[in-house]
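Novice: Have a look at this one before I ask anything.
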Amino acid sequence: MLGRTRSLQAQAPPLRLPGGPGTRSGSAVSCAVAPVAAAPVAALADAGAMAATDIARQVGEGCRTVPLAGHVGFDSLPDQLVNKSVSQGFCFNILCVGETGLGKSTLMDTLFNTKFEGEPATHTQPGVQLRSNTYDLQESNVGLKLTIVSTVGFGDQINKEDSYKPIVEFIDAQFEAYLQEELKIRRVLHTYHDSRIHACLYFIAPTGHSLKSLDLVTMKKLDSKVNIIPIIAKSDAISKSELTKFKIKITSELVSNGVQIYQFPTDDESVAEINGTMNAHLPFAVIGSTEELKIGNKMMKARQYPWGTVQVENEAHCDFVKLREMLIRVNMEDLREQTHSRHYELYRRCKLEEMGFKDTDPDSKPFSLQETYEAKRNEFLGELQKKEEEMRQMFVQRVKEKEAELKEAEKELHEKFDRLKKLHQDEKKKLEDKKKSLDDEVNAFKQRKTAAELLQSQGSQAGGSQTLKRDKEKKN
């Protein structure tokens with residue numbers, strides 16, 4: 001996962017107050033603070049809830065309301081929170097899911113009125129990879145740490161069956177990192193960079209027909225983990241009548257398949273009307289462009305075509321302004337709050353239940369953390385002892401088996417040695433018998449040789465005497 005941080009100075013006009021037209025001095029700061037003051041407000045809410053619980057346990061359910069005789073000053077607490085939040089800065093994380101070439105990077109540049117650095121993705125990725133880039137933005141005196149996560153290679157493979165898995169694993173990894181930080185003895189959540197995904201912009205190809213099976217499967221896997229806002233990318237590729245039918249078709253398919261997309265909240269009276277209206281416009285049909293053209297006497301973001309010009313911020317041409325209003329200027333804080341209170345809490349509860357923690361015992365009595373820890377510790381020690389005994393027995397059994405194998409091998413070696421020894425003795429006896437036979441033959445040969453030599457010497461002596469006798473007779 002590639003991470004990169006960059007400081008940007010955004011030059012944007014003052015933000016409009018949600019629920020009312022027009023602008024006023026300082027509205028940019030006021031509107032920017034509200035969506036991103038989640039961490040201090042949430043911490044205050046948690047502390048207040050714990051304090052209220054402790055007080056209720058001590059004094060019971062009775063609580064009196066008493067008037068104040070004069071000004072005390074705790075009505076400045078919201079201002080204190082605003083000042084502290086502004087000084088600390090805020091973070092917002094967006095996940096862009098969609099096939100390559102649907103204009104995800106261009107839309108992000110258009111949304112935040114800047115040019116984010118990034119390399120264009122190709123269609124040759126072997127699998128889905130998530131690329132994260134973090135930027136420091138500044139608007140007026142409000143700082144925002146924006147993280148944009150893009151899904152590189154999504155939908156480019158022939159087999160798209162597991163394309164959603166890297167996305168789910170990435171979201172769970174961010175939840176797990178936050179949970180591990182929460183469970184630390186020394187926590188630094190006030191300075192911890194929250195990388196949990198607050199909004200998922202799901203880019204739908206402008207086919208004009210229906211959602212692809214990949215889109216339905218992916219959104220179904222993500223709806224319980226992240227706030228999904230479906231948008232139709234490059235909506236200028238289809239006509240207005242086709243776009244209206246396409247929106248209706250997408251909505252019906254999402255409902256029939258049980259996909260829960262993010263609904264803008266209507267419980268706050270200040271934004272209930274505008275959010276209720278915008279919920280009817282989902283999914284938003286958007287167009288992105290960083291190119292500015294002169295239209296009339298103004299420079300506006302637009303796309304130039306041979307047949308005319310499409311203005312990005314013209315609500316008659318696309319829903320880009322609606323998306324920007326709902327995502328950034330009105331509901332950014334609610335997206336952060338929903339991520340923490342709904343999606344993260346669901347992950348946290350499931351994870352702690354897997355670890356053996358629970359709120360009540362079988363008798364529906366409250367369980368303290370210490371009791372849960374002791375019970376889990378005892379259970380772990382019992383399992384450890386059981387495994388230790390099993391390993392010891394297994395070790396003894398394997399030693400016995402090895403001893404039996406060694407004894408069997410030793411027996412075989414002894415038998416083999418005895419066979420070789422007997423064979424050696426038999427060979428030795430045969431050789432000794434053969435040697436004795438050869439010795440007898442040699443002795444017999446020597447005796448015959450000696451007798452032959454003796455006869456030969458005797459014969460030669462007799463022949464010599466006869467020759468001498470004949471010589472004497474001749475002389476006489």
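Going through the structure tokens in order, the chains are called A, B, and so on, while each chain numbers its residues from 1 and the ligands are numbered from 1 in the order shown.
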Any chance you could list, as a VMD selection string, the residues in segment 260-436 of chain A that come up strand (DSSP E or B) when DSSP is run on the backbone?
Specialist: chain A and resid 284 to 285 292 to 295 298 to 305 308 to 311 360 366
Novice: Those residues you just picked out, can you put them in a file as a CSV table (one decimal), in the first residue's frame with C-alpha atoms?
Specialist:
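For reference, again_9.csv as written:
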```csv
chain,number,residue,atom,x,y,z
A,284,PHE,CA,-25.8,10.8,-8.3
A,285,ALA,CA,-24.9,11.2,-12.0
A,292,GLU,CA,-11.7,25.6,-17.0
A,293,LEU,CA,-13.5,27.1,-20.0
A,294,LYS,CA,-14.8,30.6,-20.4
A,295,ILE,CA,-18.6,30.5,-20.5
A,298,LYS,CA,-17.0,33.4,-16.1
A,299,MET,CA,-14.4,30.7,-16.1
A,300,MET,CA,-16.1,27.4,-15.2
A,301,LYS,CA,-15.1,23.8,-15.0
A,302,ALA,CA,-16.5,22.1,-18.1
A,303,ARG,CA,-15.9,19.5,-20.8
A,304,GLN,CA,-15.8,20.7,-24.4
A,305,TYR,CA,-17.4,18.4,-27.0
A,308,GLY,CA,-21.5,21.6,-27.1
A,309,THR,CA,-20.2,22.1,-23.6
A,310,VAL,CA,-21.0,20.2,-20.4
A,311,GLN,CA,-20.7,22.3,-17.2
A,360,THR,CA,-23.8,-10.5,30.4
A,366,PRO,CA,-23.7,-7.8,34.0
```
Novice: Which neighbours of segment 178-195 of chain A fall inside 10 Å, counting only C-alpha atoms, when residues of the same chain fewer than 4 positions from it are skipped, and could you give them as a PyMOL selection string?
Specialist: chain A and resi 39-40+43+88+90-94+132+134+145-147+171-174+344-345+347-348+351-352
Novice: Go ahead and write the residues just picked, N, CA and C atoms, as an mmCIF file, in the first residue's frame.
Specialist:
```cif
data_model
loop_
_atom_site.group_PDB
_atom_site.id
_atom_site.type_symbol
_atom_site.label_atom_id
_atom_site.label_comp_id
_atom_site.auth_asym_id
_atom_site.auth_seq_id
_atom_site.Cartn_x
_atom_site.Cartn_y
_atom_site.Cartn_z
ATOM 1 N N ALA A 39 -13.957 13.512 16.815
ATOM 2 C CA ALA A 39 -13.161 12.896 17.866
ATOM 3 C C ALA A 39 -13.403 13.545 19.218
ATOM 4 N N PRO A 40 -13.270 14.896 19.368
ATOM 5 C CA PRO A 40 -13.529 15.485 20.668
ATOM 6 C C PRO A 40 -14.964 15.338 21.115
ATOM 7 N N ALA A 43 -15.518 11.795 22.185
ATOM 8 C CA ALA A 43 -14.872 11.547 23.476
ATOM 9 C C ALA A 43 -15.675 12.170 24.601
ATOM 10 N N GLN A 88 -6.551 21.137 16.509
ATOM 11 C CA GLN A 88 -6.055 19.767 16.278
ATOM 12 C C GLN A 88 -6.146 19.354 14.816
ATOM 13 N N PHE A 90 -8.551 17.913 11.399
ATOM 14 C CA PHE A 90 -9.523 16.846 11.189
ATOM 15 C C PHE A 90 -9.028 15.898 10.099
ATOM 16 N N CYS A 91 -9.652 14.755 10.028
ATOM 17 C CA CYS A 91 -9.282 13.786 8.993
ATOM 18 C C CYS A 91 -10.543 13.243 8.336
ATOM 19 N N PHE A 92 -10.416 12.899 7.074
ATOM 20 C CA PHE A 92 -11.525 12.311 6.322
ATOM 21 C C PHE A 92 -10.935 11.371 5.286
ATOM 22 N N ASN A 93 -11.471 10.164 5.231
ATOM 23 C CA ASN A 93 -10.919 9.116 4.370
ATOM 24 C C ASN A 93 -11.984 8.653 3.375
ATOM 25 N N ILE A 94 -11.622 8.679 2.099
ATOM 26 C CA ILE A 94 -12.549 8.313 1.024
ATOM 27 C C ILE A 94 -11.990 7.106 0.275
ATOM 28 N N SER A 132 -3.124 4.017 -1.323
ATOM 29 C CA SER A 132 -3.565 5.066 -0.404
ATOM 30 C C SER A 132 -2.650 6.272 -0.502
ATOM 31 N N THR A 134 -2.270 10.284 1.157
ATOM 32 C CA THR A 134 -2.727 11.207 2.188
ATOM 33 C C THR A 134 -2.239 12.617 1.870
ATOM 34 N N LYS A 145 -6.820 16.499 7.023
ATOM 35 C CA LYS A 145 -5.940 15.438 6.517
ATOM 36 C C LYS A 145 -6.806 14.478 5.713
ATOM 37 N N LEU A 146 -6.697 14.583 4.411
ATOM 38 C CA LEU A 146 -7.535 13.811 3.503
ATOM 39 C C LEU A 146 -6.764 12.601 2.984
ATOM 40 N N THR A 147 -7.375 11.433 3.099
ATOM 41 C CA THR A 147 -6.792 10.200 2.564
ATOM 42 C C THR A 147 -7.712 9.656 1.474
ATOM 43 N N ILE A 171 -10.390 -2.696 4.530
ATOM 44 C CA ILE A 171 -11.277 -2.022 5.485
ATOM 45 C C ILE A 171 -11.160 -2.658 6.858
ATOM 46 N N ASP A 172 -11.157 -3.995 6.912
ATOM 47 C CA ASP A 172 -11.013 -4.686 8.198
ATOM 48 C C ASP A 172 -9.663 -4.395 8.840
ATOM 49 N N ALA A 173 -8.640 -4.245 8.030
ATOM 50 C CA ALA A 173 -7.309 -3.950 8.577
ATOM 51 C C ALA A 173 -7.296 -2.579 9.259
ATOM 52 N N GLN A 174 -8.017 -1.604 8.704
ATOM 53 C CA GLN A 174 -8.080 -0.288 9.340
ATOM 54 C C GLN A 174 -8.870 -0.355 10.639
ATOM 55 N N TYR A 344 -17.756 0.521 12.744
ATOM 56 C CA TYR A 344 -16.658 0.111 13.618
ATOM 57 C C TYR A 344 -17.179 -0.619 14.848
ATOM 58 N N GLU A 345 -18.290 -0.172 15.397
ATOM 59 C CA GLU A 345 -18.856 -0.844 16.573
ATOM 60 C C GLU A 345 -19.261 -2.273 16.244
ATOM 61 N N TYR A 347 -17.835 -4.185 13.934
ATOM 62 C CA TYR A 347 -16.584 -4.949 13.855
ATOM 63 C C TYR A 347 -16.015 -5.194 15.243
ATOM 64 N N ARG A 348 -16.038 -4.168 16.087
ATOM 65 C CA ARG A 348 -15.491 -4.298 17.438
ATOM 66 C C ARG A 348 -16.268 -5.339 18.247
ATOM 67 N N LYS A 351 -15.471 -8.812 17.005
ATOM 68 C CA LYS A 351 -14.102 -9.188 17.342
ATOM 69 C C LYS A 351 -13.971 -9.535 18.814
ATOM 70 N N LEU A 352 -14.588 -8.727 19.692
ATOM 71 C CA LEU A 352 -14.505 -9.008 21.124
ATOM 72 C C LEU A 352 -15.280 -10.264 21.495
#
```
Novice: Excluding segment 99-110 of chain A and its own-chain neighbours fewer than 2 positions away, which residues fall within 10 Å of it when counting only C-alpha atoms? Please give them as a short mmCIF file (atom, residue, chain, number, x, y, z; two decimals) with all heavy atoms, in the first residue's frame.
Specialist:
```cif
data_model
loop_
_atom_site.label_atom_id
_atom_site.label_comp_id
_atom_site.auth_asym_id
_atom_site.auth_seq_id
_atom_site.Cartn_x
_atom_site.Cartn_y
_atom_site.Cartn_z
N ILE A 94 -11.62 8.68 2.10
CA ILE A 94 -12.55 8.31 1.02
C ILE A 94 -11.99 7.11 0.28
O ILE A 94 -10.80 7.08 -0.08
CB ILE A 94 -12.76 9.48 0.04
CG1 ILE A 94 -13.32 10.69 0.77
CG2 ILE A 94 -13.69 9.07 -1.09
CD1 ILE A 94 -13.48 11.91 -0.13
N CYS A 96 -12.45 5.04 -3.18
CA CYS A 96 -13.02 5.11 -4.53
C CYS A 96 -12.95 3.72 -5.16
O CYS A 96 -11.86 3.21 -5.42
CB CYS A 96 -12.26 6.11 -5.39
SG CYS A 96 -12.31 7.80 -4.78
N VAL A 97 -14.12 3.12 -5.38
CA VAL A 97 -14.20 1.78 -5.95
C VAL A 97 -14.84 1.88 -7.32
O VAL A 97 -15.92 2.48 -7.48
CB VAL A 97 -15.01 0.83 -5.05
CG1 VAL A 97 -15.05 -0.57 -5.66
CG2 VAL A 97 -14.43 0.78 -3.66
N PHE A 112 -12.25 18.51 -4.68
CA PHE A 112 -11.46 19.30 -3.73
C PHE A 112 -10.73 20.45 -4.39
O PHE A 112 -9.86 21.06 -3.77
CB PHE A 112 -10.50 18.38 -2.99
CG PHE A 112 -11.19 17.42 -2.07
CD1 PHE A 112 -11.51 16.13 -2.50
CD2 PHE A 112 -11.55 17.79 -0.79
CE1 PHE A 112 -12.16 15.24 -1.66
CE2 PHE A 112 -12.21 16.92 0.05
CZ PHE A 112 -12.52 15.63 -0.38
N ASN A 113 -11.06 20.71 -5.64
CA ASN A 113 -10.57 21.90 -6.33
C ASN A 113 -9.05 21.99 -6.30
O ASN A 113 -8.46 23.05 -6.00
CB ASN A 113 -11.19 23.16 -5.71
CG ASN A 113 -11.07 24.36 -6.64
OD1 ASN A 113 -10.96 24.21 -7.85
ND2 ASN A 113 -11.08 25.56 -6.07
N THR A 114 -8.41 20.89 -6.59
CA THR A 114 -6.95 20.86 -6.62
C THR A 114 -6.50 19.74 -7.55
O THR A 114 -7.34 19.06 -8.16
CB THR A 114 -6.36 20.67 -5.21
OG1 THR A 114 -4.94 20.80 -5.27
CG2 THR A 114 -6.71 19.30 -4.66
N LYS A 115 -5.19 19.57 -7.65
CA LYS A 115 -4.63 18.52 -8.50
C LYS A 115 -3.81 17.60 -7.62
O LYS A 115 -2.73 17.95 -7.14
CB LYS A 115 -3.75 19.13 -9.60
CG LYS A 115 -3.08 18.10 -10.50
CD LYS A 115 -4.09 17.30 -11.30
CE LYS A 115 -3.42 16.32 -12.25
NZ LYS A 115 -4.37 15.48 -12.98
N PHE A 116 -4.35 16.40 -7.37
CA PHE A 116 -3.64 15.41 -6.57
C PHE A 116 -2.65 14.66 -7.46
O PHE A 116 -2.95 14.32 -8.60
CB PHE A 116 -4.62 14.41 -5.95
CG PHE A 116 -5.58 15.03 -4.98
CD1 PHE A 116 -6.95 15.00 -5.21
CD2 PHE A 116 -5.12 15.65 -3.84
CE1 PHE A 116 -7.83 15.57 -4.32
CE2 PHE A 116 -6.00 16.23 -2.93
CZ PHE A 116 -7.36 16.19 -3.18
N GLU A 117 -1.49 14.41 -6.88
CA GLU A 117 -0.50 13.66 -7.62
C GLU A 117 -0.88 12.19 -7.66
O GLU A 117 -1.41 11.64 -6.70
CB GLU A 117 0.88 13.81 -6.97
CG GLU A 117 1.42 15.22 -7.04
CD GLU A 117 2.77 15.33 -6.36
OE1 GLU A 117 3.22 14.32 -5.80
OE2 GLU A 117 3.36 16.41 -6.40
N GLY A 118 -0.60 11.54 -8.75
CA GLY A 118 -0.90 10.13 -8.87
C GLY A 118 -0.57 9.61 -10.25
O GLY A 118 -0.68 10.34 -11.24
N GLU A 119 -0.19 8.35 -10.29
CA GLU A 119 0.12 7.73 -11.58
C GLU A 119 -1.13 7.08 -12.15
O GLU A 119 -1.88 6.41 -11.44
CB GLU A 119 1.21 6.67 -11.40
CG GLU A 119 2.52 7.24 -10.89
CD GLU A 119 3.55 6.15 -10.68
OE1 GLU A 119 3.20 4.96 -10.89
OE2 GLU A 119 4.68 6.48 -10.31
N PRO A 120 -1.39 7.24 -13.44
CA PRO A 120 -2.57 6.61 -14.04
C PRO A 120 -2.45 5.09 -14.02
O PRO A 120 -1.37 4.54 -14.24
CB PRO A 120 -2.60 7.16 -15.47
CG PRO A 120 -1.18 7.59 -15.74
CD PRO A 120 -0.62 8.04 -14.42
N ALA A 121 -3.55 4.43 -13.72
CA ALA A 121 -3.55 2.97 -13.64
C ALA A 121 -3.72 2.37 -15.03
O ALA A 121 -4.35 2.95 -15.92
CB ALA A 121 -4.66 2.48 -12.72
N THR A 122 -3.17 1.18 -15.20
CA THR A 122 -3.30 0.45 -16.46
C THR A 122 -4.27 -0.71 -16.29
O THR A 122 -4.71 -1.03 -15.18
CB THR A 122 -1.93 -0.08 -16.90
OG1 THR A 122 -1.45 -1.02 -15.91
CG2 THR A 122 -0.93 1.05 -17.03
N HIS A 123 -4.60 -1.34 -17.41
CA HIS A 123 -5.54 -2.47 -17.38
C HIS A 123 -4.81 -3.81 -17.30
O HIS A 123 -5.41 -4.86 -17.54
CB HIS A 123 -6.40 -2.47 -18.65
CG HIS A 123 -7.35 -1.31 -18.72
ND1 HIS A 123 -8.63 -1.35 -18.19
CD2 HIS A 123 -7.20 -0.06 -19.24
CE1 HIS A 123 -9.23 -0.19 -18.41
NE2 HIS A 123 -8.38 0.61 -19.04
N ILE A 148 -7.15 9.46 0.30
CA ILE A 148 -7.90 8.91 -0.83
C ILE A 148 -7.33 7.54 -1.15
O ILE A 148 -6.14 7.39 -1.42
CB ILE A 148 -7.80 9.83 -2.06
CG1 ILE A 148 -8.37 11.22 -1.75
CG2 ILE A 148 -8.53 9.21 -3.25
CD1 ILE A 148 -8.20 12.21 -2.88
N SER A 150 -7.63 4.32 -3.62
CA SER A 150 -8.14 3.91 -4.93
C SER A 150 -7.90 2.41 -5.13
O SER A 150 -6.93 1.86 -4.61
CB SER A 150 -7.45 4.69 -6.05
OG SER A 150 -6.05 4.52 -5.99
N THR A 151 -8.79 1.79 -5.86
CA THR A 151 -8.71 0.35 -6.13
C THR A 151 -8.11 0.16 -7.53
O THR A 151 -8.83 0.23 -8.53
CB THR A 151 -10.09 -0.30 -6.04
OG1 THR A 151 -11.00 0.42 -6.90
CG2 THR A 151 -10.63 -0.24 -4.62
N VAL A 152 -6.83 -0.08 -7.57
CA VAL A 152 -6.13 -0.23 -8.84
C VAL A 152 -6.35 -1.64 -9.39
O VAL A 152 -6.13 -2.62 -8.70
CB VAL A 152 -4.62 0.03 -8.65
CG1 VAL A 152 -3.89 -0.11 -9.99
CG2 VAL A 152 -4.39 1.40 -8.05
N GLY A 153 -6.81 -1.72 -10.64
CA GLY A 153 -7.02 -3.02 -11.28
C GLY A 153 -8.37 -3.64 -11.00
O GLY A 153 -8.61 -4.79 -11.40
N PHE A 154 -9.28 -2.91 -10.35
CA PHE A 154 -10.60 -3.48 -10.04
C PHE A 154 -11.39 -3.69 -11.32
O PHE A 154 -11.59 -2.78 -12.11
CB PHE A 154 -11.36 -2.54 -9.10
CG PHE A 154 -12.71 -3.05 -8.69
CD1 PHE A 154 -12.85 -4.00 -7.70
CD2 PHE A 154 -13.86 -2.58 -9.31
CE1 PHE A 154 -14.09 -4.47 -7.32
CE2 PHE A 154 -15.10 -3.03 -8.94
CZ PHE A 154 -15.22 -3.99 -7.94
N GLY A 155 -11.85 -4.92 -11.52
CA GLY A 155 -12.67 -5.26 -12.69
C GLY A 155 -11.90 -5.50 -13.97
O GLY A 155 -12.52 -5.67 -15.02
N ASP A 156 -10.55 -5.54 -13.89
CA ASP A 156 -9.76 -5.73 -15.11
C ASP A 156 -9.41 -7.19 -15.38
O ASP A 156 -8.89 -7.50 -16.44
CB ASP A 156 -8.45 -4.93 -15.01
CG ASP A 156 -8.70 -3.43 -15.06
OD1 ASP A 156 -9.79 -3.04 -15.51
OD2 ASP A 156 -7.82 -2.67 -14.65
N LEU A 201 -17.15 5.90 -2.33
CA LEU A 201 -17.79 6.33 -3.57
C LEU A 201 -17.69 5.18 -4.57
O LEU A 201 -16.59 4.85 -5.03
CB LEU A 201 -17.10 7.58 -4.12
CG LEU A 201 -17.16 8.84 -3.25
CD1 LEU A 201 -16.47 10.00 -3.94
CD2 LEU A 201 -18.61 9.19 -2.91
N TYR A 202 -18.83 4.56 -4.87
CA TYR A 202 -18.83 3.43 -5.79
C TYR A 202 -19.19 3.92 -7.19
O TYR A 202 -20.31 4.37 -7.43
CB TYR A 202 -19.80 2.34 -5.33
CG TYR A 202 -19.53 1.02 -6.02
CD1 TYR A 202 -18.75 0.05 -5.41
CD2 TYR A 202 -20.02 0.76 -7.30
CE1 TYR A 202 -18.47 -1.15 -6.03
CE2 TYR A 202 -19.75 -0.44 -7.94
CZ TYR A 202 -18.96 -1.38 -7.30
OH TYR A 202 -18.67 -2.57 -7.92
N PHE A 203 -18.24 3.83 -8.09
CA PHE A 203 -18.40 4.34 -9.46
C PHE A 203 -19.05 3.27 -10.33
O PHE A 203 -18.52 2.17 -10.47
CB PHE A 203 -17.04 4.74 -10.04
CG PHE A 203 -16.45 5.96 -9.43
CD1 PHE A 203 -15.97 5.96 -8.12
CD2 PHE A 203 -16.38 7.15 -10.15
CE1 PHE A 203 -15.43 7.10 -7.56
CE2 PHE A 203 -15.84 8.30 -9.59
CZ PHE A 203 -15.37 8.27 -8.29
N ILE A 204 -20.17 3.63 -10.91
CA ILE A 204 -20.93 2.72 -11.77
C ILE A 204 -20.73 3.14 -13.23
O ILE A 204 -20.86 4.32 -13.56
CB ILE A 204 -22.42 2.73 -11.41
CG1 ILE A 204 -22.61 2.30 -9.94
CG2 ILE A 204 -23.24 1.82 -12.33
CD1 ILE A 204 -24.02 2.50 -9.42
N ALA A 205 -20.42 2.18 -14.06
CA ALA A 205 -20.21 2.47 -15.49
C ALA A 205 -21.53 2.91 -16.13
O ALA A 205 -22.58 2.32 -15.87
CB ALA A 205 -19.65 1.25 -16.20
N PRO A 206 -21.50 3.93 -16.99
CA PRO A 206 -22.74 4.45 -17.59
C PRO A 206 -23.23 3.59 -18.75
O PRO A 206 -23.29 4.04 -19.91
CB PRO A 206 -22.32 5.85 -18.06
CG PRO A 206 -20.87 5.70 -18.39
CD PRO A 206 -20.32 4.72 -17.40
N ASP A 215 -20.64 -5.40 -9.52
CA ASP A 215 -21.05 -4.27 -8.71
C ASP A 215 -21.95 -4.71 -7.57
O ASP A 215 -21.78 -4.28 -6.41
CB ASP A 215 -21.77 -3.23 -9.57
CG ASP A 215 -20.86 -2.67 -10.66
OD1 ASP A 215 -19.64 -2.62 -10.44
OD2 ASP A 215 -21.38 -2.30 -11.73
N ILE A 232 -22.99 7.47 -10.68
CA ILE A 232 -22.86 7.07 -12.08
C ILE A 232 -21.76 7.93 -12.69
O ILE A 232 -21.90 9.15 -12.80
CB ILE A 232 -24.19 7.25 -12.83
CG1 ILE A 232 -25.29 6.43 -12.17
CG2 ILE A 232 -24.03 6.86 -14.29
CD1 ILE A 232 -26.67 6.68 -12.75
N ALA A 233 -20.66 7.31 -13.04
CA ALA A 233 -19.51 8.05 -13.57
C ALA A 233 -19.72 8.38 -15.04
O ALA A 233 -20.42 7.67 -15.77
CB ALA A 233 -18.24 7.22 -13.39
N LYS A 234 -19.11 9.48 -15.46
CA LYS A 234 -19.16 9.93 -16.86
C LYS A 234 -20.59 9.89 -17.38
O LYS A 234 -20.90 9.29 -18.43
CB LYS A 234 -18.24 9.07 -17.73
CG LYS A 234 -16.77 9.20 -17.35
CD LYS A 234 -15.86 8.42 -18.29
CE LYS A 234 -14.40 8.66 -17.97
NZ LYS A 234 -13.48 7.94 -18.86
N VAL A 286 -22.60 12.02 -12.12
CA VAL A 286 -21.58 13.05 -12.00
C VAL A 286 -20.68 13.10 -13.23
O VAL A 286 -20.58 12.15 -14.00
CB VAL A 286 -20.71 12.83 -10.75
CG1 VAL A 286 -21.57 12.91 -9.50
CG2 VAL A 286 -19.98 11.50 -10.80
N ILE A 287 -20.02 14.24 -13.37
CA ILE A 287 -19.01 14.47 -14.40
C ILE A 287 -17.85 15.18 -13.73
O ILE A 287 -18.05 16.10 -12.93
CB ILE A 287 -19.56 15.34 -15.56
CG1 ILE A 287 -20.77 14.68 -16.20
CG2 ILE A 287 -18.48 15.59 -16.60
CD1 ILE A 287 -21.53 15.60 -17.13
N GLY A 288 -16.65 14.78 -14.02
CA GLY A 288 -15.48 15.43 -13.46
C GLY A 288 -14.63 16.08 -14.54
O GLY A 288 -14.51 15.55 -15.65
N SER A 289 -14.05 17.24 -14.18
CA SER A 289 -13.17 17.92 -15.13
C SER A 289 -12.36 18.96 -14.37
O SER A 289 -12.90 19.70 -13.54
CB SER A 289 -13.97 18.59 -16.24
OG SER A 289 -13.12 19.34 -17.09
N THR A 290 -11.08 19.02 -14.65
CA THR A 290 -10.22 20.05 -14.07
C THR A 290 -9.94 21.17 -15.08
O THR A 290 -9.25 22.12 -14.76
CB THR A 290 -8.89 19.43 -13.62
OG1 THR A 290 -8.27 18.76 -14.74
CG2 THR A 290 -9.12 18.42 -12.50
N GLU A 291 -10.50 21.04 -16.26
CA GLU A 291 -10.28 22.05 -17.31
C GLU A 291 -11.30 23.17 -17.15
O GLU A 291 -12.50 22.93 -16.99
CB GLU A 291 -10.43 21.41 -18.68
CG GLU A 291 -10.21 22.36 -19.84
CD GLU A 291 -10.42 21.68 -21.18
OE1 GLU A 291 -10.72 20.46 -21.18
OE2 GLU A 291 -10.28 22.37 -22.21
N LYS A 301 -15.54 25.15 -14.68
CA LYS A 301 -15.10 23.79 -14.99
C LYS A 301 -16.10 23.15 -15.93
O LYS A 301 -17.30 23.13 -15.65
CB LYS A 301 -14.96 22.96 -13.71
CG LYS A 301 -13.77 23.35 -12.85
CD LYS A 301 -13.66 22.40 -11.67
CE LYS A 301 -12.37 22.67 -10.90
NZ LYS A 301 -12.35 24.01 -10.29
N VAL A 312 -19.63 21.28 -15.33
CA VAL A 312 -19.58 20.37 -14.18
C VAL A 312 -20.46 20.87 -13.04
O VAL A 312 -21.15 20.08 -12.38
CB VAL A 312 -18.11 20.22 -13.70
CG1 VAL A 312 -18.04 19.42 -12.41
CG2 VAL A 312 -17.27 19.56 -14.78
N GLU A 313 -20.46 22.18 -12.79
CA GLU A 313 -21.20 22.74 -11.65
C GLU A 313 -22.58 23.24 -12.04
O GLU A 313 -23.21 23.97 -11.26
CB GLU A 313 -20.38 23.85 -11.00
CG GLU A 313 -19.06 23.34 -10.41
CD GLU A 313 -18.26 24.44 -9.75
OE1 GLU A 313 -18.27 25.58 -10.31
OE2 GLU A 313 -17.63 24.20 -8.71
N PHE A 320 -23.04 16.86 -9.87
CA PHE A 320 -21.77 17.06 -9.15
C PHE A 320 -21.95 17.97 -7.94
O PHE A 320 -21.42 17.70 -6.87
CB PHE A 320 -20.72 17.66 -10.10
CG PHE A 320 -19.46 18.06 -9.41
CD1 PHE A 320 -18.50 17.11 -9.08
CD2 PHE A 320 -19.23 19.39 -9.06
CE1 PHE A 320 -17.34 17.49 -8.42
CE2 PHE A 320 -18.08 19.77 -8.41
CZ PHE A 320 -17.13 18.81 -8.09
N ARG A 324 -21.12 17.14 -4.01
CA ARG A 324 -20.21 17.94 -3.19
C ARG A 324 -20.91 18.48 -1.94
O ARG A 324 -20.34 18.46 -0.85
CB ARG A 324 -19.65 19.09 -4.03
CG ARG A 324 -18.62 19.93 -3.29
CD ARG A 324 -18.08 21.01 -4.19
NE ARG A 324 -19.15 21.92 -4.62
CZ ARG A 324 -19.00 22.85 -5.55
NH1 ARG A 324 -17.83 22.99 -6.17
NH2 ARG A 324 -20.00 23.63 -5.91
#
```
Novice: Out of A:Ser210, A:Asn275, A:Gln461, A:Ser235, which residue has the shortest atom-to-atom distance to Leu254 of chain A when counting only C-alpha atoms?
Specialist: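 Result for the nearest residue to Leu254 of chain A: A:Ser210.
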Novice: Could you go through segment 130-239 of chain A and tell me which residues DSSP, when run on the backbone, assigns to helix (DSSP H, G or I), listing them as JSON, numbers by chain?
Specialist: {"A": [165, 166, 167, 168, 169, 170, 171, 172, 173, 174, 175, 176, 177, 178, 179, 180, 181, 182, 213, 214, 215, 216, 217, 218, 219, 220, 221, 222, 235, 236, 237]}
Novice: Those same residues, written as a short mmCIF file (atom, residue, chain, number, x, y, z; two decimals), in the first residue's frame with C-alpha atoms?
Specialist:
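Final output, saved to part-v4.cif:
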```
data_model
loop_
_atom_site.label_atom_id
_atom_site.label_comp_id
_atom_site.auth_asym_id
_atom_site.auth_seq_id
_atom_site.Cartn_x
_atom_site.Cartn_y
_atom_site.Cartn_z
CA LYS A 165 -11.74 -9.51 -1.14
CA PRO A 166 -8.74 -7.11 -1.11
CA ILE A 167 -11.15 -4.22 -0.46
CA VAL A 168 -12.85 -6.00 2.45
CA GLU A 169 -9.48 -7.01 3.90
CA PHE A 170 -8.22 -3.42 3.67
CA ILE A 171 -11.28 -2.02 5.49
CA ASP A 172 -11.01 -4.69 8.20
CA ALA A 173 -7.31 -3.95 8.58
CA GLN A 174 -8.08 -0.29 9.34
CA PHE A 175 -10.71 -1.32 11.90
CA GLU A 176 -8.25 -3.75 13.47
CA ALA A 177 -5.54 -1.09 13.72
CA TYR A 178 -7.93 1.28 15.50
CA LEU A 179 -9.14 -1.51 17.82
CA GLN A 180 -5.57 -2.42 18.75
CA GLU A 181 -4.90 1.24 19.55
CA GLU A 182 -8.01 1.33 21.73
CA SER A 213 -22.93 -8.70 -11.14
CA LEU A 214 -19.50 -7.52 -9.93
CA ASP A 215 -21.05 -4.27 -8.71
CA LEU A 216 -23.85 -6.02 -6.83
CA VAL A 217 -21.56 -8.58 -5.17
CA THR A 218 -19.01 -5.95 -4.14
CA MET A 219 -21.56 -3.52 -2.71
CA LYS A 220 -23.28 -6.36 -0.85
CA LYS A 221 -19.97 -7.35 0.77
CA LEU A 222 -19.19 -3.73 1.70
CA SER A 235 -22.90 10.46 -16.95
CA ASP A 236 -22.59 12.63 -20.06
CA ALA A 237 -22.16 9.41 -22.03
#
```
